[in-house]
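Contents: one structure, followed by commentary.
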Amino acid sequence: MQYKIVTCAEMKEIEKKAKASGLSYYKMMENAGKSAVQIILNHIQGQAEGKDAVIFCGKGNNGGDGYVAARELAAKGMNVSVIMADGSPRTEDAVKNANIVLRRGIPVIDANAYVNEISEIVEAANIVVDGIYGTGFHGVLPENVRACTRLINEKCNKPASGIKKSVFALDIPTGLNGDKGKPDEDTIIADYTVAFHRMKPVHILPEAGLYCGETVVVSIGID
């Protein structure tokens with residue numbers, strides 16, 4: 001199947017035009033998180049009740065998508081924990097969605113403060129969602145985020161518990177440049193990448209295949 005490819009800069013322009021046409025960034029974020037959850041539910045064949053999910057969120061809008069996914073998975077009966085991989089959310093819409101998660105009583109844990117507890121939570125998880133960085137990442141992972149991505153890769157690729165864990169990356173696996181690839185050595189290795197609206201160049205780069213796994217394109221409400 002042929003998909004249209006847009007660069008990260010082109011995607012930002014598409015979002016700006018959609019906002020100008022009446023689709024708010026907040027609604028795009030909500031649509032993105034809900035669409036990602038539908039992919040997760042399809043993967044587990046709707047059997048969400050009682051399963052454990054860990055959502056790693058960054059402080060930007062990709063993290064906001066993660067907070068939406070967290071609340072939606074919890075609403076489906078999953079035991080959800082949110083890990084702040086890079087501190088508290090900073091963008092307006094991410095803050096709004098983080099507050100909804102908190103009001104609903106979903107645990108939100110600061111990765112820097114509770115390293116040992118996070119390891120145990122990931123070890124027990126069935127589903128791990130990467131909402132740390134999206135299209136804006138380039139360069140080298142900060143050490144605090146690297147600790148999270150390394151933990152995800154260690155626990156999900158070779159789980160000591162024997163529990164099968166599936167890793168879902170929101171838009172782009174953390175550690176990949178959306179246009180050029182250039183993986184950091186601790187880039188998250190996802191089973192599925194949920195690309196929002198359009199594939200980005202990284203999704204079709206051969207060297208990125210190891211990290212993206214199967215890429216699925218979903219709608220975020222843009223025509």
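To be explicit about the labels: the chains of the structure tokens are called A, B, and onward in the order shown, and within each one the residues are counted from 1, while ligands get numbers from 1 in the order they are shown.
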Wanna dump the region 27-89 of chain A-region 124-136 of chain A contacts at 6 Å for me, each residue with its shortest atom pair and the distance in Å to one decimal, counting only C-alpha atoms, ordered by chain and number, as a tab-separated table?
```
residue	atom	partner	partner_atom	distance
A:Asp52	CA	A:Ala125	CA	4.8
A:Ala53	CA	A:Ile127	CA	4.6
A:Val54	CA	A:Val128	CA	4.9
A:Ile55	CA	A:Val129	CA	4.7
A:Phe56	CA	A:Asp130	CA	5.2
A:Cys57	CA	A:Ile132	CA	4.6
A:Gly58	CA	A:Ile132	CA	3.8
A:Asn62	CA	A:Gly131	CA	5.3
A:Gly63	CA	A:Gly131	CA	4.9
A:Gly66	CA	A:Gly131	CA	5.0
```
Would you mind listing what lies within 6 Å of region 218-220 of chain A as a PDB file with N, CA and C atoms, in the first residue's frame, with only C-alpha atoms counted and same-chain residues fewer than 5 positions away left out?
```
ATOM      1  N   MET A  28      -6.766  17.615  18.046  1.00  0.00           N
ATOM      2  CA  MET A  28      -5.831  16.737  17.321  1.00  0.00           C
ATOM      3  C   MET A  28      -5.136  15.792  18.295  1.00  0.00           C
ATOM      4  N   ASN A  31      -7.582  13.154  19.405  1.00  0.00           N
ATOM      5  CA  ASN A  31      -7.789  12.189  18.327  1.00  0.00           C
ATOM      6  C   ASN A  31      -6.593  11.255  18.181  1.00  0.00           C
ATOM      7  N   ALA A  32      -5.388  11.812  18.329  1.00  0.00           N
ATOM      8  CA  ALA A  32      -4.176  10.999  18.205  1.00  0.00           C
ATOM      9  C   ALA A  32      -4.119   9.925  19.287  1.00  0.00           C
ATOM     10  N   PHE A 196       0.885   9.479  13.016  1.00  0.00           N
ATOM     11  CA  PHE A 196      -0.283  10.350  13.033  1.00  0.00           C
ATOM     12  C   PHE A 196      -0.445  11.105  11.710  1.00  0.00           C
ATOM     13  N   HIS A 197      -1.560  10.860  11.057  1.00  0.00           N
ATOM     14  CA  HIS A 197      -2.000  11.509   9.816  1.00  0.00           C
ATOM     15  C   HIS A 197      -1.216  11.049   8.592  1.00  0.00           C
TER      16      HIS A 197
END
```
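The spacing separating CA of Val95 (chain A) from CA of Pro107 (chain A) amounts to 15.4 Å.
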For this session: Would you list the contacts of Ala18 (chain A) as number ranges by chain, taking every protein, DNA or RNA residue within 12 Å and counting only C-alpha atoms, but skipping same-chain residues closer than 2 positions in sequence?
Result: A: 11-16, 20-28, 197, 220-223
For this session: Taking the chain letters and numbering used in this document, name the residues of region 12-87 of chain A that DSSP puts in strand (DSSP E or B), as a ChimeraX atom specification.
Result: /A:52-57,79-84
Contacts of Glu143 (chain A) at 10 Å or less, counting only C-alpha atoms, minus same-chain residues fewer than 5 places along, as an mmCIF file with C-alpha atoms, in the first residue's frame?
```
data_model
loop_
_atom_site.group_PDB
_atom_site.id
_atom_site.type_symbol
_atom_site.label_atom_id
_atom_site.label_comp_id
_atom_site.auth_asym_id
_atom_site.auth_seq_id
_atom_site.Cartn_x
_atom_site.Cartn_y
_atom_site.Cartn_z
ATOM 1 C CA ASP A 86 11.483 14.077 31.135
ATOM 2 C CA CYS A 148 13.969 5.260 30.439
ATOM 3 C CA THR A 149 14.548 4.136 26.852
#
```
For this session: Find the distance between CA of Gly139 (chain A) and CA of Ala208 (chain A) and write it in Å to one decimal.
Result: 15.1 Å
Exercise. How many Å separate CA of Val82 (chain A) from CA of Tyr114 (chain A)?
Worked result: 12.2 Å
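Distances here use only C-alpha atoms; by that measure, the residue among A:Leu176, A:Leu205, A:Cys8, A:Ala69 closest to Ala94 (chain A) is A:Ala69.
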So which residues touch Ile152 (chain A) within 12 Å, counting only C-alpha atoms, skipping near sequence neighbours fewer than 5 positions away, as a compact mmCIF listing (two decimals) with C-alpha atoms, in the first residue's frame?
```
# COMPACT_ATOMS: atom_id res chain seq x y z
CA VAL A 54 2.81 1.72 31.25
CA ILE A 55 2.79 5.00 29.36
CA PHE A 56 6.06 6.93 29.15
CA ILE A 83 5.91 7.65 33.81
CA ALA A 85 10.36 10.48 31.48
CA ILE A 118 9.74 2.08 37.46
CA SER A 119 11.82 -0.99 36.69
CA GLU A 120 9.37 -3.17 38.60
CA ILE A 121 6.35 -1.57 36.92
CA VAL A 122 7.74 -2.11 33.42
CA GLU A 123 8.73 -5.68 34.29
CA ALA A 124 5.11 -6.47 35.15
CA ALA A 125 3.54 -4.69 32.17
CA ILE A 127 1.77 -3.01 27.16
CA VAL A 128 4.35 -0.21 27.05
CA VAL A 129 3.62 3.04 25.21
CA ASP A 130 6.37 5.44 24.14
CA ILE A 132 8.35 10.70 25.07
CA VAL A 145 15.44 10.04 29.06
CA ARG A 146 18.12 7.55 28.05
CA ALA A 147 17.64 5.78 31.36
CA ASN A 157 13.14 -7.42 24.64
CA LYS A 158 14.36 -9.83 27.32
CA PRO A 159 11.73 -9.81 30.08
CA LYS A 165 5.29 -7.06 26.36
CA SER A 166 4.33 -5.13 23.26
CA VAL A 167 5.82 -1.69 22.74
CA PHE A 168 3.83 0.98 20.90
CA ALA A 169 5.58 4.20 19.81
CA PRO A 173 10.13 5.86 18.44
CA THR A 174 12.05 8.01 20.89
CA ASP A 186 19.36 3.68 23.05
CA THR A 187 16.50 4.38 20.66
CA ILE A 188 13.32 2.58 21.71
CA ILE A 189 12.72 -0.65 19.81
CA ALA A 190 8.98 -0.68 19.15
CA ASP A 191 6.78 -3.50 17.94
```
For this session: Using only C-alpha atoms, find the one residue out of A:Pro201, A:Gly77, A:Gly175, A:Gly64 that sits nearest to Lys51 (chain A).
Result: A:Gly77
Seminar exercise, completed: Judged by only C-alpha atoms, the minimum distance to Glu72 (chain A) among A:Thr7, A:Gln47, A:Gln38, A:Asn99 is found for A:Gln38
Exercise. DSSP says alpha helix (DSSP H) for which residues of region 15-161 of chain A? Put them as an MDAnalysis selection string?
Worked result: chainID A and resid 15:20 25:43 61:75 92:103 115:124 143:157
